[in-house]
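Structure below is my_file.txt: compact mmCIF, C-alpha atoms.
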```
# COMPACT_ATOMS: atom_id res chain seq x y z
CA MET A 343 118.56 108.08 92.43
CA HIS A 344 120.36 110.59 90.22
CA ILE A 345 118.28 110.74 87.05
CA PRO A 346 120.19 110.62 83.74
CA ASP A 347 119.13 112.78 80.80
CA GLY A 348 116.55 111.13 78.57
CA PHE A 349 114.34 109.23 81.04
CA ILE A 350 111.94 112.16 81.34
CA ASP A 351 111.05 114.48 78.44
CA LEU A 352 112.37 118.03 78.26
CA ARG A 353 109.04 119.74 78.86
CA THR A 354 108.47 117.88 82.14
CA SER A 355 112.11 118.40 83.13
CA ALA A 356 111.77 122.14 82.55
CA ALA A 357 108.57 122.29 84.61
CA PHE A 358 110.23 120.52 87.55
CA ALA A 359 113.30 122.72 87.19
CA ALA A 360 111.00 125.71 87.61
CA VAL A 361 109.31 124.21 90.68
CA SER A 362 112.70 123.32 92.16
CA THR A 363 113.99 126.84 91.58
CA VAL A 364 111.06 128.27 93.53
CA ALA A 365 111.63 125.74 96.33
CA VAL A 366 115.33 126.55 96.51
CA ALA A 367 114.60 130.28 96.63
CA GLY A 368 112.23 129.56 99.54
CA ALA A 369 114.92 127.50 101.25
CA VAL A 370 117.41 130.37 100.96
CA LYS A 371 114.85 132.65 102.59
CA GLY A 372 114.13 130.17 105.39
CA ALA A 373 117.78 129.29 105.98
CA ARG A 374 118.59 132.99 106.28
CA LYS A 375 116.38 133.09 109.39
CA GLN A 376 117.50 129.74 110.82
CA LEU A 377 121.26 129.68 110.28
CA SER A 378 123.36 131.31 112.97
CA GLU A 379 127.10 131.90 113.22
CA GLN A 380 127.16 128.52 115.00
CA SER A 381 125.06 126.44 112.64
CA ALA A 382 126.33 127.79 109.28
CA PRO A 383 129.64 125.86 109.41
CA LEU A 384 127.76 122.71 110.48
CA ALA A 385 125.50 123.08 107.42
CA GLY A 386 128.58 123.33 105.19
CA LEU A 387 130.16 120.27 106.78
CA THR A 388 126.89 118.36 106.48
CA ALA A 389 127.02 118.91 102.71
CA VAL A 390 130.64 117.69 102.63
CA PHE A 391 129.80 114.60 104.70
CA ILE A 392 126.81 113.80 102.48
CA PHE A 393 128.96 114.10 99.34
CA ALA A 394 131.50 111.69 100.85
CA VAL A 395 128.95 109.12 102.05
CA GLN A 396 127.04 109.27 98.74
CA MET A 397 130.16 107.78 97.13
CA LEU A 398 129.76 104.65 99.26
CA ASN A 399 127.29 102.45 97.41
CA PHE A 400 126.25 99.48 99.51
CA PRO A 401 124.74 96.28 98.08
CA VAL A 402 121.00 95.91 98.79
CA ALA A 403 119.83 92.96 96.70
CA ALA A 404 121.18 90.79 93.91
CA GLY A 405 122.92 93.13 91.48
CA THR A 406 121.56 96.31 93.05
CA SER A 407 123.26 98.94 95.14
CA GLY A 408 122.12 102.03 96.95
CA HIS A 409 123.72 104.95 98.70
CA LEU A 410 122.75 107.56 101.23
CA ILE A 411 120.64 110.50 100.07
CA GLY A 412 121.22 112.38 103.31
CA ALA A 413 118.01 114.42 103.30
CA ALA A 414 116.73 113.24 106.70
CA LEU A 415 120.20 113.33 108.22
CA ALA A 416 120.74 116.93 107.13
CA MET A 417 117.21 117.89 108.20
CA VAL A 418 117.78 116.65 111.77
CA LEU A 419 121.23 118.27 111.99
CA VAL A 420 120.65 121.68 110.42
CA GLY A 421 116.90 122.05 109.79
CA PRO A 422 114.89 121.52 106.60
CA TYR A 423 115.80 124.77 104.81
CA ALA A 424 119.56 124.36 105.13
CA ALA A 425 119.12 120.62 104.41
CA THR A 426 117.49 121.42 101.06
CA LEU A 427 120.38 123.75 100.21
CA ALA A 428 123.05 121.24 101.31
CA LEU A 429 121.51 118.59 99.03
CA VAL A 430 121.29 121.07 96.14
CA VAL A 431 125.01 121.87 96.46
CA VAL A 432 125.88 118.16 96.48
CA LEU A 433 123.66 117.41 93.45
CA ILE A 434 125.12 120.33 91.46
CA ILE A 435 128.71 119.31 92.21
CA GLN A 436 127.93 115.69 91.25
CA ALA A 437 126.23 116.66 87.99
CA PHE A 438 128.81 119.20 86.82
CA LEU A 439 132.06 117.71 88.12
CA PHE A 440 131.40 113.97 88.13
CA ALA A 441 128.81 113.49 85.36
CA ASP A 442 126.53 111.90 87.98
CA GLY A 443 122.92 112.89 87.20
CA GLY A 444 121.98 114.53 83.90
CA LEU A 445 122.08 118.30 83.48
CA THR A 446 118.59 118.61 81.98
CA ALA A 447 117.39 116.21 84.71
CA LEU A 448 118.93 118.25 87.53
CA GLY A 449 115.63 119.94 88.39
CA LEU A 450 113.95 116.53 88.60
CA SER A 451 116.64 115.15 90.92
CA ILE A 452 116.63 118.27 93.09
CA PHE A 453 112.85 118.01 93.40
CA ASN A 454 113.02 114.37 94.53
CA MET A 455 116.04 114.40 96.83
CA ALA A 456 116.42 118.00 98.01
CA VAL A 457 112.74 118.91 98.27
CA ILE A 458 110.44 115.86 98.66
CA SER A 459 112.87 113.73 100.65
CA VAL A 460 113.76 116.58 103.02
CA TRP A 461 110.24 117.84 103.64
CA VAL A 462 108.55 114.44 103.92
CA SER A 463 111.18 113.37 106.45
CA PHE A 464 110.70 116.68 108.28
CA ALA A 465 106.93 116.12 108.55
CA VAL A 466 107.46 112.56 109.84
CA PHE A 467 110.16 113.73 112.24
CA MET A 468 108.03 116.53 113.75
CA LEU A 469 105.13 114.13 114.22
CA LEU A 470 107.32 111.52 115.93
CA LYS A 471 108.92 114.16 118.15
CA LYS A 472 105.46 115.01 119.46
CA ILE A 473 104.70 111.37 120.26
CA PHE A 474 108.07 110.17 121.57
CA PRO A 475 109.59 110.87 125.00
CA LYS A 476 112.04 113.75 124.86
CA THR A 477 115.29 111.85 125.18
CA LYS A 478 118.29 111.51 122.92
CA SER A 479 117.61 107.82 122.28
CA TRP A 480 114.12 108.56 121.05
CA LEU A 481 115.45 111.35 118.86
CA VAL A 482 117.69 108.78 117.20
CA VAL A 483 114.68 106.48 116.70
CA ALA A 484 112.77 109.39 115.12
CA THR A 485 115.76 110.02 112.82
CA PHE A 486 115.84 106.33 111.84
CA ILE A 487 112.15 106.25 110.90
CA SER A 488 112.21 109.62 109.07
CA ALA A 489 115.24 108.49 107.07
CA LEU A 490 113.63 105.14 106.26
CA ILE A 491 110.57 106.90 104.81
CA SER A 492 112.56 109.64 103.04
CA VAL A 493 113.99 107.26 100.43
CA PRO A 494 110.77 105.67 99.08
CA ALA A 495 109.32 109.21 99.22
CA ALA A 496 111.98 110.39 96.76
CA ALA A 497 111.33 107.25 94.68
CA VAL A 498 107.62 108.16 94.48
CA GLY A 499 108.75 111.61 93.27
CA PHE A 500 110.48 109.93 90.34
CA VAL A 501 107.42 107.78 89.60
CA ILE A 502 105.27 110.94 89.44
CA GLN A 503 107.75 112.46 86.98
CA TYR A 504 107.75 109.21 84.98
CA ALA A 505 103.94 109.22 84.89
CA ILE A 506 103.87 112.80 83.62
CA GLY A 507 106.65 112.77 81.06
CA ALA A 508 108.46 109.47 80.50
CA ASN A 509 110.15 108.94 77.15
CA ALA A 510 109.12 105.28 77.48
CA THR A 511 105.76 103.53 77.49
CA PHE A 512 106.18 100.92 80.22
CA SER A 513 103.33 100.95 82.74
CA VAL A 514 103.50 103.40 85.63
CA GLY A 515 102.33 100.62 87.99
CA ALA A 516 105.34 98.46 87.15
CA VAL A 517 107.70 101.39 87.72
CA LEU A 518 105.97 102.26 91.00
CA ASN A 519 106.21 98.71 92.35
CA ALA A 520 109.85 98.29 91.40
CA MET A 521 110.92 101.76 92.59
CA VAL A 522 109.19 101.62 95.97
CA GLY A 523 110.23 98.01 96.67
CA THR A 524 113.90 98.64 95.89
CA HIS A 525 114.02 101.94 97.71
CA ILE A 526 112.50 100.61 100.93
CA LEU A 527 115.56 98.33 101.06
CA ILE A 528 117.91 101.24 100.35
CA GLY A 529 115.96 103.19 102.99
CA ILE A 530 117.11 100.72 105.65
CA GLY A 531 120.73 101.58 104.84
CA GLU A 532 119.83 105.27 104.82
CA ALA A 533 118.16 104.90 108.24
CA ILE A 534 121.16 103.12 109.79
CA ILE A 535 123.71 105.66 108.49
CA SER A 536 121.53 108.62 109.51
CA ALA A 537 120.84 107.25 113.00
CA LEU A 538 124.54 106.47 113.63
CA THR A 539 125.63 109.92 112.46
CA VAL A 540 123.01 111.76 114.51
CA SER A 541 123.97 109.68 117.58
CA ALA A 542 127.61 110.65 117.15
CA VAL A 543 126.79 114.35 116.90
CA LEU A 544 124.32 114.14 119.81
CA ALA A 545 127.02 112.51 121.95
CA SER A 546 129.68 115.09 121.16
CA ARG A 547 127.81 118.34 120.41
CA SER A 548 124.07 118.01 121.06
CA ASP A 549 123.87 121.83 121.20
CA LEU A 550 124.50 121.94 117.44
CA VAL A 551 121.68 119.55 116.52
CA PHE A 552 118.65 121.37 115.06
CA GLY A 553 116.21 118.56 115.96
CA TRP A 554 117.29 118.45 119.60
CA ASP A 555 115.61 121.04 121.82
CA LYS A 556 118.27 122.51 124.05
CA LYS A 557 115.93 122.83 127.02
CA ASN A 558 115.46 119.05 127.01
CA THR A 559 118.85 118.72 128.61
CA THR A 560 117.57 120.09 131.91
CA LEU A 561 114.47 117.90 131.75
CA GLU A 562 116.63 114.84 131.35
CA ILE A 563 118.33 115.31 134.70
CA ARG A 564 115.02 114.98 136.50
CA SER A 565 113.75 111.88 134.73
CA MET B 153 131.43 114.83 126.64
CA LYS B 154 131.18 118.15 124.83
CA ILE B 155 134.11 118.75 122.53
CA SER B 156 135.33 122.09 121.18
CA ASN B 157 134.07 123.56 117.91
CA ARG B 158 137.47 123.18 116.36
CA LYS B 159 137.83 119.53 117.34
CA PHE B 160 134.29 118.75 116.19
CA TYR B 161 134.64 120.37 112.76
CA ALA B 162 138.13 118.92 112.25
CA SER B 163 136.92 115.38 113.01
CA ALA B 164 133.87 115.73 110.74
CA LEU B 165 136.13 116.90 107.91
CA LEU B 166 138.63 114.12 108.56
CA VAL B 167 135.90 111.45 108.48
CA SER B 168 134.62 112.88 105.16
CA VAL B 169 138.13 112.86 103.67
CA LEU B 170 138.73 109.25 104.76
CA LEU B 171 135.38 108.10 103.38
CA ALA B 172 135.62 109.91 100.02
CA GLY B 173 139.37 109.44 99.59
CA GLY B 174 139.78 105.91 100.96
CA ALA B 175 136.64 103.92 101.66
CA SER B 176 135.06 104.89 98.32
CA PHE B 177 137.30 102.31 96.60
CA TYR B 178 135.30 99.56 98.33
CA ALA B 179 131.89 100.88 97.26
CA SER B 180 129.60 98.49 95.37
CA SER B 181 129.71 99.00 91.61
CA SER B 182 126.33 97.38 90.99
CA PRO B 183 123.74 99.68 89.37
CA ASP B 184 121.88 101.83 91.88
CA GLY B 185 118.17 101.46 92.63
CA LEU B 186 116.89 103.67 89.82
CA GLU B 187 119.30 102.24 87.24
CA LYS B 188 118.36 98.66 88.19
CA VAL B 189 114.65 99.42 88.00
CA ALA B 190 115.22 101.06 84.59
CA GLU B 191 117.01 97.91 83.40
CA ASP B 192 114.38 95.54 84.81
CA VAL B 193 111.36 97.48 83.59
CA GLY B 194 113.07 98.34 80.34
CA PHE B 195 113.32 102.13 80.09
CA ILE B 196 117.12 102.18 80.52
CA GLU B 197 117.28 102.51 76.70
CA THR B 198 115.94 106.06 76.94
CA ALA B 199 118.97 107.27 78.96
CA LYS B 200 121.26 109.64 77.10
CA ASP B 201 125.00 110.06 77.61
CA HIS B 202 125.96 112.75 80.08
CA THR B 203 126.85 116.15 78.60
CA PHE B 204 130.17 116.04 80.47
CA GLY B 205 130.63 112.27 80.12
CA ASP B 206 134.16 112.76 78.75
CA PHE B 207 135.19 115.18 81.47
CA THR B 208 138.33 114.28 83.42
CA LEU B 209 136.44 113.50 86.63
CA SER B 210 133.36 111.79 85.21
CA ASP B 211 132.11 108.77 87.15
CA TYR B 212 134.33 109.58 90.12
CA GLY B 213 137.68 108.80 88.58
CA ILE B 214 140.61 110.70 87.17
CA ALA B 215 140.72 109.99 83.43
CA GLY B 216 144.01 108.34 82.50
CA LEU B 217 144.99 107.38 86.04
CA GLU B 218 145.34 103.60 85.89
CA ASN B 219 145.46 102.84 89.60
CA ALA B 220 141.78 102.48 90.53
CA ARG B 221 142.38 103.16 94.21
CA LEU B 222 144.19 106.44 93.51
CA SER B 223 141.78 107.41 90.75
CA VAL B 224 138.60 107.21 92.84
CA GLY B 225 140.44 108.46 95.93
CA PHE B 226 141.66 111.65 94.27
CA ALA B 227 138.30 112.22 92.63
CA GLY B 228 136.69 111.89 96.06
CA LEU B 229 139.11 114.37 97.61
CA ILE B 230 138.48 116.88 94.83
CA GLY B 231 134.74 116.45 95.44
CA VAL B 232 135.15 117.03 99.17
CA VAL B 233 137.13 120.23 98.57
CA ALA B 234 134.70 121.47 95.91
CA THR B 235 131.66 120.75 98.10
CA ALA B 236 133.33 122.41 101.09
CA LEU B 237 134.13 125.57 99.13
CA VAL B 238 130.68 125.93 97.56
CA ALA B 239 128.67 124.91 100.65
CA MET B 240 130.70 126.90 103.17
CA GLY B 241 130.63 129.93 100.87
CA LEU B 242 126.87 129.68 100.45
CA PHE B 243 126.03 129.13 104.11
CA MET B 244 128.41 131.79 105.41
CA LEU B 245 126.85 134.19 102.93
CA ILE B 246 123.25 133.57 103.99
CA ARG B 247 123.61 133.02 107.76
CA LYS B 248 122.37 135.75 110.02
CA LYS B 249 125.19 137.78 111.44
CA ALA B 250 125.57 138.02 115.19
CA PRO B 251 124.61 141.57 116.17
CA SER B 252 127.58 143.94 116.33
CA LYS B 253 130.22 141.33 116.95
CA ASN B 254 133.40 141.95 115.02
CA GLN B 255 135.12 138.72 114.16
```

The structure given in the file should be rewritten as structure tokens.
Amino acid sequence: MHIPDGFIDLRTSAAFAAVSTVAVAGAVKGARKQLSEQSAPLAGLTAVFIFAVQMLNFPVAAGTSGHLIGAALAMVLVGPYAATLALVVVLIIQAFLFADGGLTALGLSIFNMAVISVWVSFAVFMLLKKIFPKTKSWLVVATFISALISVPAAAVGFVIQYAIGANATFSVGAVLNAMVGTHILIGIGEAIISALTVSAVLASRSDLVFGWDKKNTTLEIRS
Amino acid sequence: MKISNRKFYASALLVSVLLAGGASFYASSSPDGLEKVAEDVGFIETAKDHTFGDFTLSDYGIAGLENARLSVGFAGLIGVVATALVAMGLFMLIRKKAPSKNQ
């Protein structure tokens, strides 16, 4: 969902760049409090892993592909603040080194994938964690659902930007339908990859997983 | 089955290298969700060429390298290294330091 230059006018792009800058500054502040000596390297590796998996476009429907965003995955592994920053690093590298995502559109893409996608999935995840039993399997289910929702959430972000400042005159309703429909399909891929990755980390180093409360481990023995 | 920090980080890095450097060759080249929607609805015409569209690494390939497998593979590896440097640098810079522990 990397937006090329030209889809959205410059004024709207600049406004979203400003909003994204404020959000990223907030994420730096939050991550400063949340990242420890232990979790900082994991946050770095999460960004690397997301970059790698974002290269792997999978087919979703006739003539359409999708790839991981990684917002929900990063949020569960390292918390929402560091997740926002990990996504920002990936998006900047892609835009400047690989011409993937326009430079004037960078603020728009950061807003959709590093801010909306991360924080919507975080809200869903926290809600599910309250409802679900506190086991690793249910944490993986919560990851799956948060990831599934995170992709159409980012797509809605684009539709909002399109509604405010598109350089085209096609109806917002048509764009909304097409974007949400396609990205629910891509969200299934996102959910599978995120759930598998979180399971692997939970199995090997659950102590590093932000979304997993360490004290649950003792509770598990009893049940 | 708790594994050591070193083993964990090394395996995560290895998986990323294999995916970006090897598996990326098999990725679907169909337009992604947004691009397809833009084509179907019709606003694809408003897209402009990328500022760095002629850059050596644009579109995840090494310009001039004919072998597609090597081209995307090397581009992926460069991306992994670049992301690692920037992300590790950033997160090490902003993490909270353990109190009075000299390492």

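Residues with any atom within 9 Å of Ala465 of chain A, counting only C-alpha atoms and excluding same-chain neighbours fewer than 5 positions away, are Val460, Leu470 and Ser488 of chain A.
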
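Atom CA of His344 of chain A lies 17.2 Å from atom CA of Val193 of chain B.
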
*Select all residues from chain B having any atom no more than 8 Å from an atom of chain A (counting only C-alpha atoms, ignoring ligands), output as a PyMOL selection string.*
chain B and resi 153-155+160-161+164-165+167-169+171-172+175-176+178-189+193-196+198-205+207+209-212+228+231-232+234-236+238-240+243-244+246-250

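Our summary of the geometry notes that atom CA of Met455 of chain A is positioned 26.3 Å from atom CA of Lys478 of chain A.
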
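Nearest-residue note for Val493 of chain A: choosing from A:Gly507, A:Gly421, A:Leu410, A:Gly449, the minimum distance belongs to A:Leu410, counting all atoms listed in the file.
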
*Quick one: everything within 8 Å of Leu481 of chain A, counting all atoms listed in the file, minus sequence neighbours fewer than 5 positions away in the same chain. Send it as a PyMOL selection string.*
chain A and resi 471+474+476+553-554

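Straight-line separation from atom CA of Glu532 of chain A to atom CA of Gly499 of chain A: 17.2 Å.
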
*Can you list, as a list in words, every protein, DNA or RNA residue that comes within 8 Å of Pro422 of chain A when you count only C-alpha atoms, leaving out same-chain residues fewer than 5 positions away?*
Ala416, Met417, Val460, Trp461 and Phe464 of chain A

Once you have the residues from the selection above, write them out as a PDB file, keeping the file's coordinate frame, restricted to C-alpha atoms.
```
ATOM      1  CA  ALA A 416     120.740 116.930 107.130  1.00  0.00           C
ATOM      2  CA  MET A 417     117.210 117.890 108.200  1.00  0.00           C
ATOM      3  CA  VAL A 460     113.760 116.580 103.020  1.00  0.00           C
ATOM      4  CA  TRP A 461     110.240 117.840 103.640  1.00  0.00           C
ATOM      5  CA  PHE A 464     110.700 116.680 108.280  1.00  0.00           C
TER       6      PHE A 464
END
```

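Neighbouring residues of Ala220 of chain B at 12 Å or closer, counting all atoms listed in the file and skipping chain neighbours under 4 positions away, are B:Gly173, B:Gly174, B:Ser176, B:Phe177, B:Tyr178, B:Tyr212, B:Gly213, B:Ile214, B:Ala215, B:Gly216, B:Val224, B:Gly225, B:Phe226, B:Ala227.
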
Once you have the residues from the selection above, write them out as an mmCIF file, in the frame of the given file, restricted to C-alpha atoms.
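To be explicit, this is the file written out as out-v2.cif:
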```cif
data_model
loop_
_atom_site.group_PDB
_atom_site.id
_atom_site.type_symbol
_atom_site.label_atom_id
_atom_site.label_comp_id
_atom_site.auth_asym_id
_atom_site.auth_seq_id
_atom_site.Cartn_x
_atom_site.Cartn_y
_atom_site.Cartn_z
ATOM 1 C CA GLY B 173 139.370 109.440 99.590
ATOM 2 C CA GLY B 174 139.780 105.910 100.960
ATOM 3 C CA SER B 176 135.060 104.890 98.320
ATOM 4 C CA PHE B 177 137.300 102.310 96.600
ATOM 5 C CA TYR B 178 135.300 99.560 98.330
ATOM 6 C CA TYR B 212 134.330 109.580 90.120
ATOM 7 C CA GLY B 213 137.680 108.800 88.580
ATOM 8 C CA ILE B 214 140.610 110.700 87.170
ATOM 9 C CA ALA B 215 140.720 109.990 83.430
ATOM 10 C CA GLY B 216 144.010 108.340 82.500
ATOM 11 C CA VAL B 224 138.600 107.210 92.840
ATOM 12 C CA GLY B 225 140.440 108.460 95.930
ATOM 13 C CA PHE B 226 141.660 111.650 94.270
ATOM 14 C CA ALA B 227 138.300 112.220 92.630
#
```
